[in-house]
Protein chains: 2
Amino acid sequence: MPLWVLGGKRDEDLVLPINSSLSVTLHQDQVSLKTTTTAAVSKDFTEDRIWLNGREEDVEQPRLQACLREIRRLARKRRSTGDEDPLPLSLTYKVHIASVNNFPTAAGLASSAAGYACLAYTLAQVYGVDSDLSEVARRGSGSACRSLYGGFVEWQMGERADGKDSIARQVAPESHWPELRVLILVVSAEKKLMGSTAGMQTSVETSPLLRFRAESVVPARMAEMTRCIQERDFQGFGQLTMKDSNQFHATCLDTFPPISYLSDTSRRIVHLVHRFNTHHGQTKVAYTFDAGPNAVVFTLEDTVPEFVAAVQHCFPPESNGDKFLKGLPVRPTPLSDEFKAALNVDPIPGSIKYIIATQVGPGPQILDDPHAHLLGPDGLPKPAA
Amino acid sequence: MPLWVLGGKRDEDLVLPINSSLSVTLHQDQVSLKTTTTAAVSKDFTEDRIWLNGREEDVEQPRLQACLREIRRLARKRRSTGDEDPLPLSLTYKVHIASVNNFPTAAGLASSAAGYACLAYTLAQVYGVDSDLSEVARRGSGSACRSLYGGFVEWQMGERADGKDSIARQVAPESHWPELRVLILVVSAEKKLMGSTAGMQTSVETSPLLRFRAESVVPARMAEMTRCIQERDFQGFGQLTMKDSNQFHATCLDTFPPISYLSDTSRRIVHLVHRFNTHHGQTKVAYTFDAGPNAVVFTLEDTVPEFVAAVQHCFPPESNGDKFLKGLPVRPTPLSDEFKAALNVDPIPGSIKYIIATQVGPGPQILDDPHAHLLGPDGLPKPAA
């Protein structure tokens, strides 16, 4: 889950960003945030194939091909350097890949990042590659390189034209800040706003503010954010997270034609968070928004029950009251009338679909249980998948 | 109506902006956009008094006092320079002021700009002041100094600390571009978003993007905008207007806490305008947003019927279909199904309350008809007012 959203690319092909970024890897034991991938190679396979959520997809898509090329290159390199090879498989063998993610499509969460990170990690196992996988994952989806690690991860933009130094690095492990919690506020689907497919690339070309931000604002903020994480300074961490999310969306608005990811509901969440913090006289919760209206809220364990109660007060569940809270168990605390008054919002039922409560988690894991594998002995997806 | 919105002040007290700006003065023959002011001085008046829309207001409010101080200073100066005085009145006389504006409060249009420009102009008549009134109006409301002139007006930010060179200047008269039309899309009141009273001043203090914009982006854009107006280049005029409106709102979002003036309806209007232009392969309409969700759309006379039809298609009037179009008469042209498809929006009934069609207009006018005056012989507001 990006703490800092990617601000466009300086090289579309190599997927090189115009600024460094930082993200938090979310825990996968929670509902709806997991990607599972199985890959197998065999001399019997006649072609590379891939199945996503049970449906076969075009294996020729350029980004997937770039990942395969890159992992095979690393595998070849590894052999040529004479390291003994644990898996005597031919690199000419075709690969079958099956991947399943249970991300709510509505949520528009960074599922491609998780997907390509998982793919890169899985392929590395199959091909016995143990070098840095940043490039393999990055070729698939830029931010995926950050998801190769658990905890707090920095994607260093790098300077080289070939992108060899544009890699992910763990700033702190998932165990570093055990009290930190992440609440994903999934906003109900609203009537389509921008039909525009214009992405961040347009921003790089048209927004004068974006380049200024990348060159003159982000570097200092990266250093400051790293310090906040290392010192577990939630005040600094929270404020910087909100400021940077706002500035990212400001550059989207400065793009021409403008890009608006935030909806009125997103703005009401922003308002709620600031009111909540003002009421407490300190930054107890912080929001960040990716390329969509859903809010990712950071807070500390002891604040979760009260903040969730505030969200329920301002955005009462419409029908699915029972399914409103997913993930980590949360027991909302009743709010005082004075607090409700301080929040000063007109409750809008149903505008938030549900909340996923989770925390910082580890990177990709190996599933030993064969039942968890998605490909059967025949190299085809199991009926289950 | 600001073409370019004020980006915050470098001096709150003197009301000095951090960047120059440009605006279009709207015609006052149209419904709902007029301010009328009458002022009278008399030895019989025991105190300065002011009535707005018939209700007496506190004459002590600092901005009003600043205007009165400034106009009296100019009047005194004029005499000391020995110019003969057409009005042998004592500057010690108290003044009575009555002002009426029929701006729809909902519209949140720049009524204070019109109000203070009208006040400065009226007081100048009463006190026989014929020097530049920029400072008198500016002290009341910054952007008011632009409304002292008709047509296209630039507010030069100036450099002097005392603000003496922060004045308004007409770039072109109202007769310069007769085909230009202005449509004000008044957005229906939506549930309150930001309770925040934080204004642009917070932006100056907290937005890194705002200062960059003021110093590195606006100066070149001012020169370019002036050229577009002088050459009646609608393509350039329209694109720059939209880009600058977007960038202004981007700096609001970069403010901490963030300020959001645009609503989902505003964004739908933005989307509609870009689709409309894309369909025509050129910039035929352009939007700008002030400190609120209402859109001010610029276009040329021959495009009005089709664009208004597009607005009616995307934002069907809910009940007041008859009162949906105000101001200049407009006969919307039917849209082809192919065009409707190209607009690609889900119609949302009632989200636009009504449209005011108007054009560029002159500055303040003197009303000779005594019936139009708001103060009676007794120096008190007429029952009518």
# chains A, B, ... in the order shown; residues from 1 in each chain; ligands from 1

$ interface_residues --of "chain A" --to "chain B" --cutoff "10 Å" --atoms "only C-alpha atoms" --output "VMD selection string"
chain A and resid 190 to 196 206 to 210 212 to 213 216 to 217 239 242 to 260 262 to 265 267 to 272 274 to 275 343 to 348

$ select_by_dssp --residues "region 94-275 of chain B" --states "strand (DSSP E)" --output "MDAnalysis selection string"
chainID B and resid 94:101 152:155 168:172 180:187

$ residues_around --residues "Pro364 (chain B)" --least-positions-apart "4" --cutoff "8 Å" --atoms "only C-alpha atoms" --output "ChimeraX atom specification"
/B:117-118,121,147-150

$ write_last_selection --atoms "C-alpha atoms" --output "PDB file, in the first residue's frame"
ATOM      1  CA  ALA B 117     -15.636  48.348  -6.450  1.00  0.00           C
ATOM      2  CA  CYS B 118     -19.074  49.948  -6.556  1.00  0.00           C
ATOM      3  CA  TYR B 121     -16.588  54.376  -7.274  1.00  0.00           C
ATOM      4  CA  SER B 147     -13.864  45.416 -10.969  1.00  0.00           C
ATOM      5  CA  LEU B 148     -13.312  49.198 -11.136  1.00  0.00           C
ATOM      6  CA  TYR B 149     -12.856  48.819 -14.868  1.00  0.00           C
ATOM      7  CA  GLY B 150     -14.870  47.198 -17.593  1.00  0.00           C
TER       8      GLY B 150
END

$ atom_distance --atom1 "CA of Phe298 (chain B)" --atom2 "CA of Leu180 (chain B)"
7.1 Å

$ closest_residue --among "A:Gly363, A:Val187, A:Asp368, A:Gln312" --to "Ala295 (chain A)" --atoms "only C-alpha atoms"
A:Val187

$ residues_around --residues "Gly151 (chain A)" --least-positions-apart "2" --cutoff "10 Å" --atoms "only C-alpha atoms" --output "compact mmCIF listing (two decimals) with all heavy atoms, in the first residue's frame"
# COMPACT_ATOMS: atom_id res chain seq x y z
N SER A 23 6.67 2.86 0.68
CA SER A 23 5.38 2.22 0.90
C SER A 23 5.43 1.28 2.08
O SER A 23 6.49 0.94 2.60
CB SER A 23 4.95 1.45 -0.35
OG SER A 23 5.74 0.28 -0.50
N VAL A 24 4.25 0.91 2.51
CA VAL A 24 4.11 -0.03 3.61
C VAL A 24 3.50 -1.29 3.02
O VAL A 24 2.53 -1.22 2.28
CB VAL A 24 3.16 0.54 4.69
CG1 VAL A 24 2.80 -0.53 5.69
CG2 VAL A 24 3.79 1.73 5.37
N THR A 25 4.10 -2.44 3.33
CA THR A 25 3.54 -3.71 2.84
C THR A 25 2.48 -4.16 3.83
O THR A 25 2.74 -4.23 5.03
CB THR A 25 4.64 -4.77 2.72
OG1 THR A 25 5.62 -4.29 1.80
CG2 THR A 25 4.07 -6.09 2.22
N LEU A 26 1.28 -4.43 3.32
CA LEU A 26 0.18 -4.83 4.22
C LEU A 26 0.21 -6.32 4.51
O LEU A 26 0.70 -7.12 3.72
CB LEU A 26 -1.16 -4.44 3.59
CG LEU A 26 -1.37 -2.94 3.40
CD1 LEU A 26 -2.77 -2.67 2.88
CD2 LEU A 26 -1.13 -2.20 4.72
N HIS A 27 -0.34 -6.65 5.67
CA HIS A 27 -0.36 -8.04 6.10
C HIS A 27 -1.31 -8.85 5.22
O HIS A 27 -2.35 -8.36 4.82
CB HIS A 27 -0.79 -8.13 7.56
CG HIS A 27 -0.25 -9.33 8.24
ND1 HIS A 27 -0.69 -10.60 7.94
CD2 HIS A 27 0.73 -9.47 9.16
CE1 HIS A 27 -0.01 -11.47 8.68
NE2 HIS A 27 0.86 -10.81 9.43
N ARG A 146 8.46 -2.50 -4.68
CA ARG A 146 8.39 -2.21 -3.24
C ARG A 146 7.74 -3.36 -2.48
O ARG A 146 8.04 -3.63 -1.32
CB ARG A 146 7.61 -0.93 -2.98
CG ARG A 146 8.34 0.34 -3.40
CD ARG A 146 7.53 1.57 -3.05
NE ARG A 146 6.14 1.43 -3.47
CZ ARG A 146 5.42 2.39 -4.04
NH1 ARG A 146 5.95 3.58 -4.25
NH2 ARG A 146 4.18 2.17 -4.39
N SER A 147 6.81 -4.05 -3.18
CA SER A 147 6.07 -5.12 -2.50
C SER A 147 6.86 -6.42 -2.39
O SER A 147 6.36 -7.41 -1.88
CB SER A 147 4.76 -5.37 -3.24
OG SER A 147 4.03 -4.16 -3.33
N TYR A 149 9.33 -6.72 -0.52
CA TYR A 149 9.79 -6.77 0.85
C TYR A 149 8.64 -6.50 1.82
O TYR A 149 7.65 -5.87 1.46
CB TYR A 149 10.90 -5.75 1.09
CG TYR A 149 12.09 -5.95 0.19
CD1 TYR A 149 12.17 -5.28 -1.02
CD2 TYR A 149 13.10 -6.83 0.54
CE1 TYR A 149 13.26 -5.47 -1.87
CE2 TYR A 149 14.19 -7.04 -0.29
CZ TYR A 149 14.26 -6.35 -1.51
OH TYR A 149 15.33 -6.55 -2.34
N VAL A 153 9.11 0.02 2.93
CA VAL A 153 10.00 -0.16 1.81
C VAL A 153 10.16 1.10 0.96
O VAL A 153 9.18 1.77 0.64
CB VAL A 153 9.50 -1.31 0.91
CG1 VAL A 153 10.54 -1.64 -0.14
CG2 VAL A 153 9.14 -2.52 1.74
N GLN A 170 14.44 -2.24 1.94
CA GLN A 170 13.62 -2.21 3.15
C GLN A 170 14.16 -1.17 4.13
O GLN A 170 15.33 -1.20 4.48
CB GLN A 170 13.60 -3.59 3.83
CG GLN A 170 12.62 -3.64 5.00
CD GLN A 170 12.60 -5.01 5.67
OE1 GLN A 170 13.60 -5.45 6.23
NE2 GLN A 170 11.45 -5.67 5.61
N VAL A 171 13.29 -0.24 4.53
CA VAL A 171 13.68 0.80 5.48
C VAL A 171 13.58 0.26 6.90
O VAL A 171 14.41 0.55 7.75
CB VAL A 171 12.77 2.04 5.33
CG1 VAL A 171 13.00 3.05 6.44
CG2 VAL A 171 12.99 2.68 3.96
N ALA A 172 12.54 -0.54 7.15
CA ALA A 172 12.35 -1.18 8.46
C ALA A 172 11.47 -2.41 8.28
O ALA A 172 10.56 -2.41 7.44
CB ALA A 172 11.71 -0.20 9.43
N PRO A 173 11.73 -3.47 9.06
CA PRO A 173 10.95 -4.71 8.92
C PRO A 173 9.54 -4.55 9.52
O PRO A 173 9.28 -3.59 10.24
CB PRO A 173 11.75 -5.72 9.72
CG PRO A 173 12.45 -4.89 10.75
CD PRO A 173 12.78 -3.59 10.09
N GLU A 174 8.67 -5.49 9.21
CA GLU A 174 7.27 -5.39 9.68
C GLU A 174 7.17 -5.40 11.19
O GLU A 174 6.20 -4.93 11.78
CB GLU A 174 6.42 -6.51 9.08
CG GLU A 174 6.89 -7.92 9.42
CD GLU A 174 7.83 -8.49 8.36
OE1 GLU A 174 8.60 -7.72 7.73
OE2 GLU A 174 7.80 -9.71 8.15
N SER A 175 8.20 -5.94 11.84
CA SER A 175 8.16 -6.03 13.31
C SER A 175 8.56 -4.70 13.97
O SER A 175 8.43 -4.53 15.18
CB SER A 175 9.16 -7.10 13.75
OG SER A 175 10.47 -6.74 13.30
N HIS A 176 9.00 -3.73 13.16
CA HIS A 176 9.57 -2.49 13.69
C HIS A 176 8.58 -1.63 14.48
O HIS A 176 8.93 -0.99 15.47
CB HIS A 176 10.16 -1.67 12.54
CG HIS A 176 10.61 -0.30 12.92
ND1 HIS A 176 11.69 -0.08 13.74
CD2 HIS A 176 10.10 0.94 12.63
CE1 HIS A 176 11.85 1.23 13.90
NE2 HIS A 176 10.89 1.86 13.25
N TRP A 177 7.32 -1.59 14.03
CA TRP A 177 6.33 -0.67 14.62
C TRP A 177 5.04 -1.42 14.86
O TRP A 177 4.03 -1.21 14.17
CB TRP A 177 6.11 0.51 13.68
CG TRP A 177 5.55 1.74 14.30
CD1 TRP A 177 4.95 1.85 15.52
CD2 TRP A 177 5.51 3.05 13.71
NE1 TRP A 177 4.56 3.15 15.73
CE2 TRP A 177 4.90 3.91 14.64
CE3 TRP A 177 5.96 3.58 12.49
CZ2 TRP A 177 4.71 5.27 14.38
CZ3 TRP A 177 5.76 4.92 12.23
CH2 TRP A 177 5.15 5.75 13.19
N GLN A 359 -2.67 -4.49 9.20
CA GLN A 359 -1.44 -3.94 9.77
C GLN A 359 -0.28 -4.20 8.82
O GLN A 359 -0.46 -4.79 7.76
CB GLN A 359 -1.17 -4.60 11.12
CG GLN A 359 -1.08 -6.12 11.03
CD GLN A 359 -1.14 -6.80 12.39
OE1 GLN A 359 -0.58 -6.31 13.36
NE2 GLN A 359 -1.85 -7.92 12.47
N VAL A 360 0.90 -3.73 9.21
CA VAL A 360 2.07 -3.93 8.38
C VAL A 360 2.39 -5.41 8.34
O VAL A 360 2.24 -6.11 9.34
CB VAL A 360 3.27 -3.15 8.94
CG1 VAL A 360 4.49 -3.28 8.04
CG2 VAL A 360 2.89 -1.67 9.10
N GLY A 361 2.80 -5.90 7.19
CA GLY A 361 3.04 -7.33 7.06
C GLY A 361 4.35 -7.68 6.37
O GLY A 361 5.09 -6.79 5.94
N PRO A 362 4.62 -8.98 6.26
CA PRO A 362 5.86 -9.45 5.62
C PRO A 362 5.73 -9.42 4.10
O PRO A 362 4.65 -9.18 3.56
CB PRO A 362 5.96 -10.89 6.11
CG PRO A 362 4.53 -11.32 6.28
CD PRO A 362 3.80 -10.08 6.75
N GLY A 363 6.84 -9.71 3.43
CA GLY A 363 6.82 -9.78 1.97
C GLY A 363 6.27 -11.12 1.52
O GLY A 363 5.63 -11.83 2.31

$ residues_around --residues "Gln235 (chain B)" --least-positions-apart "4" --cutoff "9 Å" --atoms "only C-alpha atoms" --output "count of residues only"
7

$ select_by_dssp --residues "region 177-260 of chain B" --states "helix (DSSP H, G or I)" --output "ChimeraX atom specification"
/B:200-206,208-230,234-253

$ write_last_selection --atoms "N, CA and C atoms" --output "short mmCIF file (atom, residue, chain, number, x, y, z; two decimals), in the first residue's frame"
data_model
loop_
_atom_site.label_atom_id
_atom_site.label_comp_id
_atom_site.auth_asym_id
_atom_site.auth_seq_id
_atom_site.Cartn_x
_atom_site.Cartn_y
_atom_site.Cartn_z
N MET B 200 -7.01 31.24 1.76
CA MET B 200 -5.77 31.20 0.99
C MET B 200 -4.56 31.59 1.82
N GLN B 201 -4.78 32.28 2.93
CA GLN B 201 -3.62 32.67 3.73
C GLN B 201 -2.87 31.44 4.21
N THR B 202 -3.65 30.41 4.59
CA THR B 202 -3.01 29.16 5.03
C THR B 202 -2.16 28.61 3.89
N SER B 203 -2.67 28.76 2.67
CA SER B 203 -1.94 28.23 1.51
C SER B 203 -0.57 28.87 1.39
N VAL B 204 -0.54 30.21 1.56
CA VAL B 204 0.73 30.91 1.44
C VAL B 204 1.72 30.34 2.45
N GLU B 205 1.19 29.98 3.61
CA GLU B 205 2.08 29.49 4.67
C GLU B 205 2.42 28.01 4.53
N THR B 206 1.52 27.22 3.97
CA THR B 206 1.77 25.77 4.01
C THR B 206 1.99 25.08 2.66
N PRO B 208 3.97 24.36 -0.57
CA PRO B 208 5.23 24.59 -1.31
C PRO B 208 4.94 24.88 -2.78
N LEU B 209 3.83 24.35 -3.27
CA LEU B 209 3.52 24.53 -4.69
C LEU B 209 3.04 25.95 -4.99
N LEU B 210 2.36 26.58 -4.00
CA LEU B 210 1.79 27.91 -4.24
C LEU B 210 2.86 28.94 -4.56
N ARG B 211 3.93 28.94 -3.77
CA ARG B 211 4.98 29.94 -3.99
C ARG B 211 5.67 29.69 -5.33
N PHE B 212 5.91 28.41 -5.61
CA PHE B 212 6.53 28.09 -6.91
C PHE B 212 5.66 28.60 -8.05
N ARG B 213 4.35 28.35 -7.92
CA ARG B 213 3.42 28.81 -8.96
C ARG B 213 3.50 30.33 -9.13
N ALA B 214 3.45 31.04 -7.99
CA ALA B 214 3.43 32.50 -8.04
C ALA B 214 4.71 33.06 -8.67
N GLU B 215 5.84 32.45 -8.30
CA GLU B 215 7.12 33.00 -8.77
C GLU B 215 7.53 32.49 -10.14
N SER B 216 7.24 31.21 -10.42
CA SER B 216 7.81 30.61 -11.63
C SER B 216 6.81 30.31 -12.73
N VAL B 217 5.52 30.32 -12.43
CA VAL B 217 4.55 29.96 -13.46
C VAL B 217 3.70 31.16 -13.91
N VAL B 218 3.17 31.89 -12.95
CA VAL B 218 2.22 32.96 -13.27
C VAL B 218 2.77 34.07 -14.17
N PRO B 219 3.98 34.58 -13.89
CA PRO B 219 4.45 35.71 -14.72
C PRO B 219 4.38 35.43 -16.22
N ALA B 220 4.89 34.28 -16.65
CA ALA B 220 4.86 33.95 -18.08
C ALA B 220 3.41 33.79 -18.56
N ARG B 221 2.57 33.21 -17.69
CA ARG B 221 1.18 33.01 -18.10
C ARG B 221 0.44 34.34 -18.24
N MET B 222 0.77 35.30 -17.39
CA MET B 222 0.13 36.61 -17.49
C MET B 222 0.43 37.23 -18.85
N ALA B 223 1.70 37.15 -19.24
CA ALA B 223 2.09 37.73 -20.53
C ALA B 223 1.36 37.02 -21.66
N GLU B 224 1.31 35.69 -21.58
CA GLU B 224 0.68 34.89 -22.62
C GLU B 224 -0.83 35.19 -22.67
N MET B 225 -1.45 35.29 -21.49
CA MET B 225 -2.89 35.56 -21.44
C MET B 225 -3.22 36.92 -22.04
N THR B 226 -2.37 37.89 -21.74
CA THR B 226 -2.59 39.24 -22.28
C THR B 226 -2.53 39.20 -23.80
N ARG B 227 -1.56 38.44 -24.33
CA ARG B 227 -1.44 38.32 -25.78
C ARG B 227 -2.71 37.68 -26.37
N CYS B 228 -3.16 36.59 -25.73
CA CYS B 228 -4.35 35.89 -26.23
C CYS B 228 -5.56 36.82 -26.30
N ILE B 229 -5.70 37.65 -25.26
CA ILE B 229 -6.84 38.58 -25.23
C ILE B 229 -6.68 39.61 -26.34
N GLN B 230 -5.49 40.19 -26.43
CA GLN B 230 -5.28 41.23 -27.44
C GLN B 230 -5.54 40.69 -28.85
N PHE B 234 -9.00 32.55 -29.02
CA PHE B 234 -9.79 31.80 -28.05
C PHE B 234 -9.14 30.48 -27.64
N GLN B 235 -8.48 29.81 -28.58
CA GLN B 235 -7.79 28.56 -28.26
C GLN B 235 -6.82 28.75 -27.09
N GLY B 236 -5.94 29.73 -27.26
CA GLY B 236 -4.94 29.98 -26.23
C GLY B 236 -5.57 30.50 -24.95
N PHE B 237 -6.52 31.41 -25.12
CA PHE B 237 -7.23 32.00 -23.99
C PHE B 237 -7.91 30.92 -23.16
N GLY B 238 -8.62 30.03 -23.86
CA GLY B 238 -9.38 28.98 -23.17
C GLY B 238 -8.48 27.99 -22.46
N GLN B 239 -7.44 27.54 -23.14
CA GLN B 239 -6.57 26.54 -22.53
C GLN B 239 -5.84 27.10 -21.31
N LEU B 240 -5.37 28.33 -21.44
CA LEU B 240 -4.65 28.94 -20.32
C LEU B 240 -5.60 29.18 -19.15
N THR B 241 -6.83 29.56 -19.46
CA THR B 241 -7.82 29.78 -18.40
C THR B 241 -8.05 28.49 -17.61
N MET B 242 -8.23 27.39 -18.34
CA MET B 242 -8.48 26.11 -17.67
C MET B 242 -7.26 25.65 -16.89
N LYS B 243 -6.09 25.75 -17.52
CA LYS B 243 -4.87 25.31 -16.82
C LYS B 243 -4.63 26.11 -15.55
N ASP B 244 -4.91 27.41 -15.62
CA ASP B 244 -4.63 28.20 -14.44
C ASP B 244 -5.65 27.98 -13.34
N SER B 245 -6.89 27.75 -13.73
CA SER B 245 -7.90 27.43 -12.72
C SER B 245 -7.51 26.11 -12.04
N ASN B 246 -7.13 25.12 -12.84
CA ASN B 246 -6.73 23.83 -12.27
C ASN B 246 -5.54 23.99 -11.34
N GLN B 247 -4.58 24.81 -11.74
CA GLN B 247 -3.38 24.94 -10.92
C GLN B 247 -3.68 25.68 -9.61
N PHE B 248 -4.57 26.65 -9.68
CA PHE B 248 -4.97 27.34 -8.46
C PHE B 248 -5.59 26.34 -7.48
N HIS B 249 -6.51 25.51 -7.99
CA HIS B 249 -7.17 24.55 -7.10
C HIS B 249 -6.19 23.46 -6.64
N ALA B 250 -5.17 23.21 -7.44
CA ALA B 250 -4.12 22.27 -7.02
C ALA B 250 -3.40 22.84 -5.80
N THR B 251 -3.13 24.13 -5.81
CA THR B 251 -2.42 24.71 -4.66
C THR B 251 -3.33 24.72 -3.42
N CYS B 252 -4.64 24.79 -3.64
CA CYS B 252 -5.57 24.70 -2.50
C CYS B 252 -5.46 23.31 -1.87
N LEU B 253 -5.35 22.30 -2.73
CA LEU B 253 -5.27 20.92 -2.25
C LEU B 253 -3.92 20.68 -1.58
#

$ residues_around --residues "Pro334 (chain B)" --least-positions-apart "5" --cutoff "9 Å" --atoms "only C-alpha atoms" --output "ChimeraX atom specification"
/B:305-306,309-310

$ atom_distance --atom1 "CA of Leu325 (chain A)" --atom2 "CA of Ser266 (chain A)"
18.3 Å

$ atom_distance --atom1 "CA of Thr299 (chain B)" --atom2 "CA of Val311 (chain B)"
13.4 Å

$ closest_residue --among "B:Thr288, B:Ser319, B:Asn53, B:Ser21" --to "Gly350 (chain B)" --atoms "only C-alpha atoms"
B:Ser319

$ decode --residues "region 217-229 of chain A" --atoms "N, CA and C atoms" --output "tab-separated table (two decimals), in the first residue's frame"
chain	number	residue	atom	x	y	z
A	217	VAL	N	10.78	18.99	-3.71
A	217	VAL	CA	10.04	18.71	-2.47
A	217	VAL	C	10.29	17.29	-1.95
A	218	VAL	N	10.17	16.30	-2.86
A	218	VAL	CA	10.23	14.91	-2.44
A	218	VAL	C	11.54	14.48	-1.75
A	219	PRO	N	12.71	14.87	-2.29
A	219	PRO	CA	13.95	14.39	-1.66
A	219	PRO	C	14.01	14.66	-0.16
A	220	ALA	N	13.71	15.89	0.26
A	220	ALA	CA	13.77	16.21	1.69
A	220	ALA	C	12.70	15.43	2.46
A	221	ARG	N	11.53	15.26	1.82
A	221	ARG	CA	10.45	14.54	2.50
A	221	ARG	C	10.80	13.06	2.67
A	222	MET	N	11.52	12.49	1.70
A	222	MET	CA	11.91	11.09	1.82
A	222	MET	C	12.80	10.92	3.05
A	223	ALA	N	13.75	11.82	3.20
A	223	ALA	CA	14.68	11.73	4.34
A	223	ALA	C	13.90	11.88	5.64
A	224	GLU	N	12.98	12.85	5.67
A	224	GLU	CA	12.20	13.11	6.87
A	224	GLU	C	11.30	11.91	7.19
A	225	MET	N	10.68	11.34	6.16
A	225	MET	CA	9.78	10.21	6.36
A	225	MET	C	10.55	9.00	6.91
A	226	THR	N	11.74	8.79	6.36
A	226	THR	CA	12.57	7.67	6.84
A	226	THR	C	12.90	7.84	8.33
A	227	ARG	N	13.22	9.08	8.70
A	227	ARG	CA	13.51	9.35	10.11
A	227	ARG	C	12.28	9.07	10.98
A	228	CYS	N	11.10	9.55	10.53
A	228	CYS	CA	9.87	9.35	11.31
A	228	CYS	C	9.61	7.85	11.54
A	229	ILE	N	9.83	7.05	10.50
A	229	ILE	CA	9.59	5.62	10.62
A	229	ILE	C	10.60	5.01	11.59
